[in-house]
file work_12.cif (mmCIF, C-alpha atoms and all ligand atoms)
data_entry
loop_
_atom_site.label_atom_id
_atom_site.label_comp_id
_atom_site.auth_asym_id
_atom_site.auth_seq_id
_atom_site.Cartn_x
_atom_site.Cartn_y
_atom_site.Cartn_z
CA MET A 323 -7.62 -41.49 51.91
CA LEU A 324 -10.73 -41.53 49.72
CA VAL A 325 -13.56 -41.48 52.27
CA GLU A 326 -13.64 -40.07 55.76
CA ALA A 327 -16.89 -40.37 57.71
CA SER A 328 -16.89 -38.56 61.05
CA ASP A 329 -19.39 -38.98 63.87
CA LEU A 330 -21.95 -40.06 61.29
CA GLU A 331 -25.55 -40.47 62.42
CA VAL A 332 -28.60 -41.54 60.43
CA TYR A 333 -31.81 -41.49 62.45
CA PHE A 334 -35.17 -42.44 60.92
CA PRO A 335 -38.22 -40.79 62.53
CA ILE A 336 -40.91 -43.07 63.95
CA LYS A 337 -44.25 -41.48 63.11
CA SER A 338 -47.56 -41.83 64.94
CA GLY A 339 -51.02 -40.25 64.87
CA ILE A 340 -53.89 -40.70 62.37
CA ILE A 341 -51.98 -39.01 59.56
CA PHE A 342 -48.57 -39.97 60.93
CA ASP A 343 -47.88 -36.34 61.76
CA ARG A 344 -46.23 -36.91 65.13
CA THR A 345 -42.64 -38.05 65.61
CA VAL A 346 -42.60 -40.31 68.64
CA GLY A 347 -39.02 -41.51 68.44
CA HIS A 348 -36.16 -42.37 66.14
CA VAL A 349 -34.58 -45.53 64.77
CA ARG A 350 -30.87 -44.94 65.29
CA ALA A 351 -29.70 -46.92 62.26
CA VAL A 352 -26.23 -45.34 62.29
CA ASP A 353 -25.24 -43.91 65.63
CA GLY A 354 -21.88 -42.15 65.73
CA VAL A 355 -19.58 -43.87 63.22
CA ASP A 356 -16.02 -42.79 62.41
CA LEU A 357 -14.73 -44.63 59.36
CA THR A 358 -12.04 -44.09 56.77
CA ILE A 359 -11.59 -45.92 53.49
CA HIS A 360 -8.22 -45.72 51.75
CA ARG A 361 -7.93 -45.38 48.01
CA GLY A 362 -7.66 -48.76 46.28
CA GLU A 363 -8.60 -50.86 49.31
CA THR A 364 -11.55 -53.11 50.03
CA TYR A 365 -13.24 -52.36 53.33
CA GLY A 366 -15.58 -55.11 54.50
CA LEU A 367 -18.46 -54.25 56.82
CA VAL A 368 -20.07 -57.10 58.77
CA GLY A 369 -22.75 -57.48 61.43
CA GLU A 370 -26.18 -58.92 62.10
CA SER A 371 -29.18 -58.03 60.00
CA GLY A 372 -30.55 -54.66 61.09
CA CYS A 373 -27.31 -53.34 62.64
CA GLY A 374 -27.16 -50.48 60.12
CA LYS A 375 -24.66 -51.70 57.50
CA SER A 376 -26.75 -50.78 54.45
CA THR A 377 -27.74 -47.42 55.89
CA LEU A 378 -24.09 -46.60 56.59
CA GLY A 379 -23.18 -47.57 53.00
CA LYS A 380 -25.97 -45.38 51.62
CA ALA A 381 -25.03 -42.46 53.87
CA ILE A 382 -21.45 -42.64 52.56
CA LEU A 383 -22.84 -42.39 49.01
CA ASN A 384 -25.14 -39.54 50.04
CA LEU A 385 -28.17 -41.68 49.13
CA GLU A 386 -29.36 -41.41 52.73
CA PRO A 387 -28.90 -37.93 54.17
CA PRO A 388 -27.03 -38.03 57.49
CA THR A 389 -28.82 -36.65 60.55
CA ALA A 390 -25.45 -35.49 61.89
CA GLY A 391 -21.76 -35.84 61.15
CA SER A 392 -19.97 -35.56 57.84
CA VAL A 393 -18.70 -37.59 54.90
CA VAL A 394 -15.64 -36.21 53.13
CA PHE A 395 -15.05 -37.80 49.73
CA ASP A 396 -11.63 -37.15 48.21
CA GLY A 397 -11.30 -33.93 50.19
CA THR A 398 -14.83 -32.62 49.58
CA ASP A 399 -17.62 -32.58 52.15
CA ILE A 400 -20.44 -34.25 50.22
CA ALA A 401 -23.20 -32.49 52.19
CA SER A 402 -21.88 -29.11 51.04
CA LEU A 403 -22.38 -29.97 47.35
CA LYS A 404 -25.49 -28.87 45.47
CA GLY A 405 -26.84 -29.02 41.90
CA GLU A 406 -24.26 -29.56 39.15
CA ASP A 407 -21.37 -29.98 41.61
CA LEU A 408 -23.18 -32.81 43.39
CA ARG A 409 -24.16 -34.45 40.07
CA ARG A 410 -20.56 -34.35 38.85
CA GLU A 411 -19.25 -35.81 42.08
CA ARG A 412 -21.95 -38.49 42.16
CA LYS A 413 -20.56 -40.37 39.21
CA ARG A 414 -17.44 -41.02 41.28
CA PHE A 415 -19.33 -43.26 43.71
CA GLN A 416 -21.74 -46.00 42.72
CA MET A 417 -23.67 -48.82 44.37
CA VAL A 418 -24.05 -52.50 43.50
CA PHE A 419 -27.14 -54.04 45.09
CA GLN A 420 -27.87 -57.44 46.60
CA ASP A 421 -30.70 -58.41 44.30
CA PRO A 422 -29.94 -57.40 40.71
CA MET A 423 -33.46 -58.41 39.60
CA SER A 424 -35.10 -55.74 41.71
CA SER A 425 -32.47 -53.09 40.97
CA LEU A 426 -32.65 -53.52 37.16
CA ASP A 427 -35.75 -52.23 35.33
CA PRO A 428 -37.20 -55.38 33.65
CA ARG A 429 -38.59 -53.34 30.70
CA GLN A 430 -35.19 -52.00 29.68
CA THR A 431 -32.58 -53.76 27.55
CA VAL A 432 -29.10 -54.10 29.01
CA GLU A 433 -27.94 -51.42 26.58
CA ASN A 434 -30.52 -48.96 27.88
CA LEU A 435 -29.74 -49.87 31.49
CA LEU A 436 -26.08 -49.06 30.90
CA LEU A 437 -26.84 -45.92 28.89
CA GLU A 438 -29.09 -44.52 31.60
CA GLY A 439 -26.26 -43.59 33.93
CA MET A 440 -23.96 -42.50 31.11
CA ARG A 441 -26.69 -40.19 29.78
CA ALA A 442 -27.33 -38.67 33.20
CA HIS A 443 -23.67 -37.71 33.37
CA GLY A 444 -23.34 -36.58 29.72
CA LEU A 445 -21.06 -39.48 28.81
CA ASP A 446 -23.00 -40.54 25.70
CA THR A 447 -22.46 -37.57 23.41
CA ASP A 448 -20.17 -39.30 20.88
CA LYS A 449 -22.09 -42.18 19.26
CA ASP A 450 -19.06 -44.28 18.23
CA ALA A 451 -17.29 -43.79 21.55
CA THR A 452 -20.48 -44.78 23.39
CA ARG A 453 -20.83 -47.99 21.35
CA ALA A 454 -17.18 -48.82 22.02
CA ARG A 455 -17.68 -48.12 25.71
CA LEU A 456 -20.71 -50.43 25.90
CA ARG A 457 -18.70 -53.25 24.27
CA GLU A 458 -15.82 -52.61 26.63
CA LEU A 459 -18.14 -52.78 29.65
CA MET A 460 -19.58 -56.10 28.49
CA SER A 461 -16.11 -57.52 28.04
CA SER A 462 -14.97 -56.20 31.46
CA VAL A 463 -17.73 -58.13 33.23
CA GLY A 464 -17.37 -61.26 31.08
CA LEU A 465 -20.62 -61.01 29.09
CA PRO A 466 -21.00 -61.28 25.28
CA VAL A 467 -21.77 -58.11 23.31
CA ALA A 468 -25.01 -59.78 22.14
CA ALA A 469 -26.27 -59.45 25.75
CA LEU A 470 -26.74 -55.71 25.15
CA SER A 471 -30.01 -56.25 23.30
CA LYS A 472 -31.49 -58.63 25.90
CA TYR A 473 -33.65 -58.02 28.97
CA PRO A 474 -32.73 -58.78 32.61
CA HIS A 475 -35.09 -61.80 32.86
CA GLU A 476 -33.12 -63.54 30.10
CA PHE A 477 -30.09 -63.90 32.36
CA SER A 478 -29.13 -66.07 35.34
CA GLY A 479 -28.64 -64.49 38.78
CA GLY A 480 -24.85 -64.37 38.39
CA GLN A 481 -25.13 -62.77 34.93
CA ARG A 482 -27.60 -60.22 36.26
CA GLN A 483 -25.14 -59.29 38.98
CA ARG A 484 -22.51 -58.82 36.23
CA ILE A 485 -24.94 -56.40 34.53
CA GLY A 486 -25.38 -54.58 37.86
CA ILE A 487 -21.60 -54.27 38.12
CA ALA A 488 -21.30 -53.07 34.49
CA ARG A 489 -23.96 -50.49 35.25
CA ALA A 490 -22.00 -49.19 38.23
CA LEU A 491 -18.81 -49.12 36.13
CA SER A 492 -20.47 -47.32 33.21
CA VAL A 493 -19.85 -43.86 34.69
CA GLY A 494 -16.24 -44.56 35.71
CA PRO A 495 -16.50 -44.46 39.52
CA ASP A 496 -13.66 -44.40 42.06
CA LEU A 497 -15.69 -45.99 44.89
CA ILE A 498 -18.22 -48.80 44.68
CA VAL A 499 -20.39 -49.71 47.65
CA ALA A 500 -21.43 -53.33 47.14
CA ASP A 501 -24.34 -54.22 49.44
CA GLU A 502 -24.43 -58.01 49.92
CA PRO A 503 -23.21 -58.43 46.31
CA VAL A 504 -23.25 -62.24 46.32
CA SER A 505 -25.70 -63.27 49.04
CA ALA A 506 -28.56 -63.81 46.56
CA LEU A 507 -26.40 -66.09 44.38
CA ASP A 508 -25.72 -69.83 44.43
CA VAL A 509 -22.53 -70.67 46.29
CA SER A 510 -20.91 -71.94 43.07
CA ILE A 511 -21.51 -68.56 41.39
CA GLN A 512 -20.47 -66.44 44.39
CA ALA A 513 -16.75 -67.07 43.86
CA GLN A 514 -16.97 -66.04 40.20
CA VAL A 515 -18.56 -62.69 41.07
CA ILE A 516 -16.08 -62.11 43.93
CA ASN A 517 -13.19 -62.87 41.57
CA LEU A 518 -14.66 -60.50 38.98
CA LEU A 519 -14.84 -57.71 41.58
CA GLN A 520 -11.21 -58.34 42.51
CA ASP A 521 -10.03 -58.40 38.87
CA LEU A 522 -11.85 -55.13 38.18
CA GLN A 523 -10.26 -53.58 41.24
CA ASP A 524 -6.78 -54.54 40.02
CA GLU A 525 -7.51 -53.34 36.51
CA LEU A 526 -9.28 -50.06 37.31
CA GLY A 527 -7.85 -49.16 40.73
CA LEU A 528 -11.32 -49.21 42.30
CA THR A 529 -12.04 -48.76 46.00
CA TYR A 530 -14.73 -50.97 47.54
CA LEU A 531 -16.93 -50.87 50.58
CA VAL A 532 -18.39 -54.39 50.73
CA VAL A 533 -21.35 -54.87 53.07
CA ALA A 534 -22.01 -58.50 53.96
CA HIS A 535 -23.30 -60.68 56.76
CA ASP A 536 -21.17 -63.60 55.54
CA LEU A 537 -17.80 -63.56 57.30
CA ALA A 538 -16.27 -65.94 54.75
CA VAL A 539 -17.02 -63.58 51.86
CA VAL A 540 -15.69 -60.57 53.74
CA ARG A 541 -12.55 -62.39 54.85
CA HIS A 542 -11.73 -63.43 51.33
CA ILE A 543 -12.09 -60.02 49.76
CA SER A 544 -11.23 -57.38 52.40
CA ASP A 545 -8.04 -55.51 53.23
CA ARG A 546 -9.70 -54.13 56.36
CA ILE A 547 -12.83 -55.19 58.16
CA GLY A 548 -15.23 -53.27 60.38
CA VAL A 549 -17.68 -55.06 62.66
CA MET A 550 -20.93 -53.22 63.31
CA TYR A 551 -23.35 -53.70 66.19
CA LEU A 552 -26.54 -51.69 66.70
CA GLY A 553 -25.52 -48.65 64.67
CA GLY A 554 -21.88 -48.44 65.78
CA LEU A 555 -18.51 -49.90 64.85
CA VAL A 556 -17.30 -52.18 67.64
CA GLU A 557 -14.05 -53.42 66.08
CA GLU A 558 -11.92 -52.66 63.06
CA SER A 559 -8.61 -54.03 61.89
CA ASP A 560 -6.65 -55.49 58.99
CA GLY A 561 -8.56 -58.45 57.60
CA ALA A 562 -6.29 -61.31 58.69
CA GLU A 563 -5.67 -59.76 62.10
CA LEU A 564 -9.36 -59.56 62.92
CA TYR A 565 -9.62 -63.32 62.41
CA ASP A 566 -6.36 -64.09 64.26
CA VAL A 567 -6.87 -61.74 67.22
CA PRO A 568 -10.52 -60.73 67.58
CA LEU A 569 -10.79 -58.57 70.71
CA HIS A 570 -14.42 -57.54 70.96
CA PRO A 571 -16.74 -60.19 72.44
CA TYR A 572 -19.22 -59.62 69.62
CA THR A 573 -16.54 -60.26 66.98
CA ARG A 574 -15.48 -63.41 68.84
CA ALA A 575 -19.07 -64.59 68.93
CA LEU A 576 -19.44 -64.00 65.19
CA MET A 577 -16.23 -65.96 64.56
CA SER A 578 -17.24 -68.85 66.77
CA ALA A 579 -20.57 -69.11 64.94
CA VAL A 580 -18.81 -69.94 61.66
CA PRO A 581 -18.52 -73.73 61.40
CA VAL A 582 -15.04 -75.20 60.91
CA PRO A 583 -14.93 -78.32 58.69
CA ASP A 584 -12.24 -80.06 60.83
CA PRO A 585 -14.08 -81.70 63.81
CA GLN A 586 -10.94 -81.60 65.99
CA VAL A 587 -10.55 -77.85 65.52
CA GLU A 588 -14.31 -77.39 65.88
CA ASP A 589 -14.33 -79.19 69.26
CA SER A 590 -11.31 -77.41 70.70
CA ARG A 591 -11.89 -73.85 69.61
CA GLU A 592 -13.50 -71.10 71.66
CA GLN A 593 -17.28 -70.98 71.54
CA ILE A 594 -19.03 -67.79 72.56
CA LEU A 595 -22.76 -68.03 72.38
CA LEU A 596 -24.86 -64.92 72.37
CA THR A 597 -28.17 -64.92 74.15
CA GLY A 598 -31.19 -62.78 73.41
CA ASP A 599 -32.19 -60.84 70.32
CA LEU A 600 -30.55 -57.78 68.86
CA PRO A 601 -32.09 -54.91 70.87
CA SER A 602 -34.20 -52.39 68.98
CA PRO A 603 -32.21 -49.55 67.38
CA ALA A 604 -35.17 -47.34 68.40
CA ASN A 605 -34.38 -47.98 72.04
CA PRO A 606 -30.76 -49.06 72.31
CA PRO A 607 -29.32 -50.17 75.67
CA SER A 608 -27.55 -47.58 77.79
CA GLY A 609 -23.74 -47.55 78.00
CA CYS A 610 -22.14 -50.17 75.79
CA ARG A 611 -24.79 -51.16 73.24
CA PHE A 612 -23.61 -54.78 73.52
CA HIS A 613 -23.72 -55.12 77.31
CA THR A 614 -27.12 -56.88 77.34
CA ARG A 615 -25.65 -59.83 75.41
CA CYS A 616 -22.03 -59.68 76.50
CA PRO A 617 -20.35 -62.70 78.12
CA TRP A 618 -17.97 -60.53 80.14
CA LYS A 619 -20.14 -57.58 81.04
CA GLN A 620 -19.10 -55.84 84.28
CA GLU A 621 -21.50 -53.99 86.55
CA THR A 622 -21.81 -50.22 86.34
CA LEU A 623 -19.18 -49.34 83.74
CA CYS A 624 -20.61 -51.37 80.83
CA ASP A 625 -24.21 -50.32 81.30
CA THR A 626 -23.49 -46.65 81.97
CA GLU A 627 -20.63 -45.58 79.72
CA ARG A 628 -20.44 -46.09 75.97
CA PRO A 629 -16.89 -47.26 75.13
CA GLN A 630 -14.99 -45.29 72.49
CA LEU A 631 -13.64 -47.04 69.41
CA ARG A 632 -9.91 -46.70 70.15
CA VAL A 633 -6.61 -48.16 69.03
CA VAL A 634 -5.65 -51.17 71.16
CA GLU A 635 -2.10 -52.43 70.98
CA VAL A 636 -1.82 -56.10 70.21
CA ASP A 637 1.53 -57.90 70.41
CA GLY A 638 3.08 -58.22 66.97
CA ALA A 639 0.08 -56.63 65.29
CA SER A 640 -0.46 -53.41 63.37
CA ALA A 641 -1.15 -50.15 65.16
CA SER A 642 -4.55 -49.78 63.55
CA HIS A 643 -6.62 -52.32 65.45
CA ARG A 644 -9.54 -50.38 66.95
CA VAL A 645 -11.95 -51.78 69.52
CA ALA A 646 -14.94 -50.33 71.38
CA CYS A 647 -14.87 -52.36 74.60
CA HIS A 648 -13.94 -51.10 78.08
CA TYR A 649 -11.87 -54.24 78.62
CA ALA A 650 -10.18 -54.54 75.22
CA GLU A 651 -6.69 -53.94 76.67
CA GLN A 652 -7.15 -56.70 79.26
CA VAL A 653 -8.46 -59.05 76.59
CA ALA A 654 -5.48 -58.21 74.36
CA SER A 655 -3.03 -58.96 77.18
CA GLY A 656 -4.83 -62.22 78.08
CA GLU A 657 -5.88 -60.89 81.50
CA ILE A 658 -9.55 -61.53 80.71
CA GLN A 659 -10.78 -64.75 79.14
CA PRO A 660 -14.38 -64.38 78.00
CA HIS A 661 -15.49 -67.96 78.65
CA GLN A 662 -14.52 -67.69 82.33
CA VAL A 663 -17.09 -64.98 82.83
CA GLU A 664 -20.75 -65.59 83.50
CA ALA A 665 -23.20 -64.78 80.74
CA VAL A 666 -26.49 -63.07 81.37
CA SER A 667 -29.43 -63.54 79.07
CA VAL A 668 -31.69 -60.53 79.15
CA GLU A 669 -34.64 -62.39 77.71
CA SER A 670 -34.59 -65.45 79.92
CA GLY A 671 -32.79 -64.04 82.94
CA PHE A 672 -30.38 -66.96 82.57
CA THR A 673 -27.14 -66.65 84.49
CA GLY A 674 -24.54 -69.31 84.00
CA PRO A 675 -21.54 -70.50 82.07
CA VAL A 676 -21.92 -69.76 78.38
CA ASP A 677 -20.23 -72.88 77.06
CA GLY A 678 -21.11 -75.56 79.61
CA PRO A 679 -23.93 -78.11 79.74
CA ASP A 680 -26.09 -75.52 81.53
CA ALA A 681 -25.90 -73.04 78.69
CA PRO A 682 -29.31 -71.72 77.63
CA PRO A 683 -30.88 -73.85 74.90
CA GLU A 684 -31.76 -70.95 72.68
CA ALA A 685 -28.32 -69.38 72.69
CA TYR A 686 -27.38 -68.37 69.18
CA VAL A 687 -25.67 -65.84 67.04
CA GLY A 688 -28.24 -64.39 64.72
CA VAL A 689 -26.06 -63.44 61.79
N1 LIG B 701 -35.96 -45.92 55.38
C1 LIG B 701 -36.03 -46.39 56.62
N2 LIG B 701 -36.98 -45.95 57.47
C2 LIG B 701 -37.06 -46.40 58.75
N3 LIG B 701 -36.21 -47.30 59.28
C3 LIG B 701 -35.25 -47.79 58.47
C4 LIG B 701 -35.12 -47.37 57.11
N4 LIG B 701 -34.05 -48.05 56.56
C5 LIG B 701 -33.57 -48.85 57.52
N5 LIG B 701 -34.29 -48.70 58.67
C6 LIG B 701 -34.03 -49.37 59.96
O1 LIG B 701 -32.70 -49.07 60.33
C7 LIG B 701 -32.07 -50.21 60.94
C8 LIG B 701 -30.82 -50.56 60.16
O2 LIG B 701 -31.21 -51.04 58.87
P1 LIG B 701 -30.16 -51.46 57.76
O3 LIG B 701 -30.92 -51.95 56.57
O4 LIG B 701 -29.18 -50.38 57.56
O5 LIG B 701 -29.42 -52.69 58.48
P2 LIG B 701 -28.52 -53.83 57.85
O6 LIG B 701 -27.48 -54.14 58.85
O7 LIG B 701 -28.08 -53.43 56.50
O8 LIG B 701 -29.54 -55.04 57.76
P3 LIG B 701 -29.88 -55.97 56.52
O9 LIG B 701 -28.68 -56.81 56.31
O10 LIG B 701 -31.07 -56.74 57.00
O11 LIG B 701 -30.21 -55.03 55.39
C9 LIG B 701 -33.13 -51.32 60.93
O12 LIG B 701 -33.76 -51.33 62.18
C10 LIG B 701 -34.09 -50.89 59.84
O13 LIG B 701 -35.39 -51.37 60.11
#
call {"tool": "encode", "arguments": {"input": "work_12.cif", "output": "C-alpha cells"}}
result
Amino acid sequence: MLVEASDLEVYFPIKSGIIFDRTVGHVRAVDGVDLTIHRGETYGLVGESGCGKSTLGKAILNLEPPTAGSVVFDGTDIASLKGEDLRRERKRFQMVFQDPMSSLDPRQTVENLLLEGMRAHGLDTDKDATRARLRELMSSVGLPVAALSKYPHEFSGGQRQRIGIARALSVGPDLIVADEPVSALDVSIQAQVINLLQDLQDELGLTYLVVAHDLAVVRHISDRIGVMYLGGLVEESDGAELYDVPLHPYTRALMSAVPVPDPQVEDSREQILLTGDLPSPANPPSGCRFHTRCPWKQETLCDTERPQLRVVEVDGASASHRVACHYAEQVASGEIQPHQVEAVSVESGFTGPVDGPDAPPEAYVGV
C-alpha cells in the first residue's frame, strides 16, 4: 500500500466582519474520508463539481493541510515531517493539473520549467547527466528535444499537458495526482494523453490518483474507482464492478446520466434522475449527506444517521466493494429497486415517480 488516508477532514473557514476576522462557519470540503491507494494502481475519483475531489487530492499530497485525520505515505505520516525530511519526501509525490497553461509559467522555457523542480531537489548537480535527463523526459512524453528551448504558448493544449507531465516526472515521483488531466483538451487529444499516462505507468511503475468528473475517462484508466459526494466517499470498488453493479443511488444516477449510443439499450436501461442542487458543503444535510436527493430515502434513519462506508458482499464480486448507504445490502440482494421508490425534490417539494411522465421537469444530474 502506498497511500493510506484515515478519517481525513479538510475544512475551510468562512470569514466575516469588516476585516474578515471572525470565523462564522466552515466549508467541509473533505469530511471524514478513509482511502487507500495501492502501489502501481490507478485510483479514479469521481463526483460532481464541488464535492471535494481536488481538495482530497491536494490533502493527500500535503498541499492542503488536513484539519483532522492522517495521510500515511509509504509508511510515513506526512504531517509529522518537517524541513529537509518533508522536502525529500515531497519529490515522491507530484501533481498534474487540469489547465497546463495556468500551471506553467509563460515566461519560462520548457527547459527551465523542467529544471525548476530538479533544482529544488538537488537533482541538477551534474551538467551532463541533467542534459541527458532533460532529453529523456522529452522523449518519455513524446516531444522533440527542440521543444526544450520554447515557451508554453508555442504549444497546443495536448503538448502543454505533455510538458506538465514531464515536469511532474522530472523529480522521479512514485505517486502522481492528476486533477482533471484531460478535461481541458479536445476529445481527439484526450485519448493520446490518457494512453501516454498509461504507458508511463507501465514503464516507470507509477501510482496514479486521477480526479475527474468524466466517468468515461475514469472507467478507461482506473483499477479502482471511488465516488465522492459532498466531502465523503459513498462507493468504492474495482473499476469494472462499479459499472456492472453500482449499489449507491448516487453512483447509479451518475451512470444513468451517461448517454449510451445504442437507442435500444438507452430506452431499456435504468434511469435515475436526481432532483435539486448539490447542498452547500458549509451546511451539509444531517444523516446521510445524499438523503435530500435520494430516490429511495427512508424516514428517520437516512436523515438522522450518517451511513458508514462498509464492505457489502455482492454475488460473484470481489470482497472490496464498499458502500455508504443504509440499504446497500438490500440493494445488492435485489430486495430494493430504486425506481419503485418515490423521489422527493427538496427544492420543488415534488413527490412522485422519478422515471414516469410526472417526473419533475428540471430533474438532472449535475456532473
Ligand atoms: N481554498 C479554499 N477556500 C475555501 N473554500 C474552498 C477552497 N478550495 C475549495 N473550496 C471549497 O471546497 C469545496 C470543494 O471544492 P473542490 O475544488 O475540492 O471540489 P471538486 O469536486 O474538485 O470540484 P471541481 O471539479 O469544481 O474542482 C467547494 O465548495 C469549494 O468552493
call {"tool": "closest_atom_pairs", "arguments": {"input": "work_12.cif", "of": "chain A", "to": "ligand LIG 701 (chain B)", "cutoff": "10 Å", "atoms": "all atoms listed in the file", "output": "tab-separated table"}}
result
residue	atom	partner	partner_atom	distance
A:Val332	CA	B:LIG701	O1	8.6
A:Tyr333	CA	B:LIG701	O1	7.9
A:Phe334	CA	B:LIG701	C2	4.9
A:Pro335	CA	B:LIG701	C2	6.9
A:Ile336	CA	B:LIG701	C2	7.3
A:Lys337	CA	B:LIG701	C2	9.7
A:His348	CA	B:LIG701	N3	8.4
A:Val349	CA	B:LIG701	O1	6.0
A:Arg350	CA	B:LIG701	O1	6.7
A:Ala351	CA	B:LIG701	O1	4.2
A:Val352	CA	B:LIG701	C8	7.3
A:Leu367	CA	B:LIG701	O6	9.2
A:Val368	CA	B:LIG701	O6	8.0
A:Gly369	CA	B:LIG701	O6	6.3
A:Glu370	CA	B:LIG701	O6	5.9
A:Ser371	CA	B:LIG701	O8	3.8
A:Gly372	CA	B:LIG701	O5	3.5
A:Cys373	CA	B:LIG701	O6	3.9
A:Gly374	CA	B:LIG701	O4	3.3
A:Lys375	CA	B:LIG701	O7	4.0
A:Ser376	CA	B:LIG701	O7	3.6
A:Thr377	CA	B:LIG701	O4	3.7
A:Leu378	CA	B:LIG701	O4	6.4
A:Gly379	CA	B:LIG701	O4	8.0
A:Lys380	CA	B:LIG701	O4	8.4
A:Ala381	CA	B:LIG701	O4	9.7
A:Glu386	CA	B:LIG701	N1	8.4
A:Gln420	CA	B:LIG701	O11	9.4
A:Asp501	CA	B:LIG701	O7	8.0
A:Glu502	CA	B:LIG701	O9	7.8
A:Val533	CA	B:LIG701	O7	7.7
A:Ala534	CA	B:LIG701	O9	7.3
A:His535	CA	B:LIG701	O9	6.6
A:Met550	CA	B:LIG701	O6	8.0
A:Tyr551	CA	B:LIG701	O6	8.4
A:Leu552	CA	B:LIG701	C8	7.9
A:Gly553	CA	B:LIG701	C8	7.2
A:Leu600	CA	B:LIG701	O12	9.8
A:Pro601	CA	B:LIG701	O12	9.5
A:Ser602	CA	B:LIG701	O12	6.9
A:Pro603	CA	B:LIG701	O12	5.7
A:Ala604	CA	B:LIG701	O12	7.5
A:Val689	CA	B:LIG701	O9	9.0
call {"tool": "closest_residue", "arguments": {"input": "work_12.cif", "among": "A:Phe612, A:Tyr530, A:Phe415, A:Phe342", "to": "Val493 in chain A", "atoms": "only C-alpha atoms"}}
result
A:Phe415
call {"tool": "atom_distance", "arguments": {"input": "work_12.cif", "atom1": "CA of Val432 in chain A", "atom2": "CA of Ile543 in chain A"}}
result
27.5 Å
call {"tool": "closest_residue", "arguments": {"input": "work_12.cif", "among": "A:Arg489, A:Pro585, A:Val539, A:Gly464", "to": "Leu518 in chain A", "atoms": "all atoms listed in the file"}}
result
A:Gly464
call {"tool": "residues_around", "arguments": {"input": "work_12.cif", "residues": "range 450-453 of chain A", "least_positions_apart": "6", "cutoff": "12 Å", "atoms": "all atoms listed in the file", "output": "JSON, numbers by chain"}}
result
{"A": [433, 434, 436, 437, 438, 440, 441, 444, 459, 460, 467, 470, 492, 493]}
call {"tool": "atom_distance", "arguments": {"input": "work_12.cif", "atom1": "CA of Val636 in chain A", "atom2": "CA of Ala654 in chain A"}}
result
5.9 Å
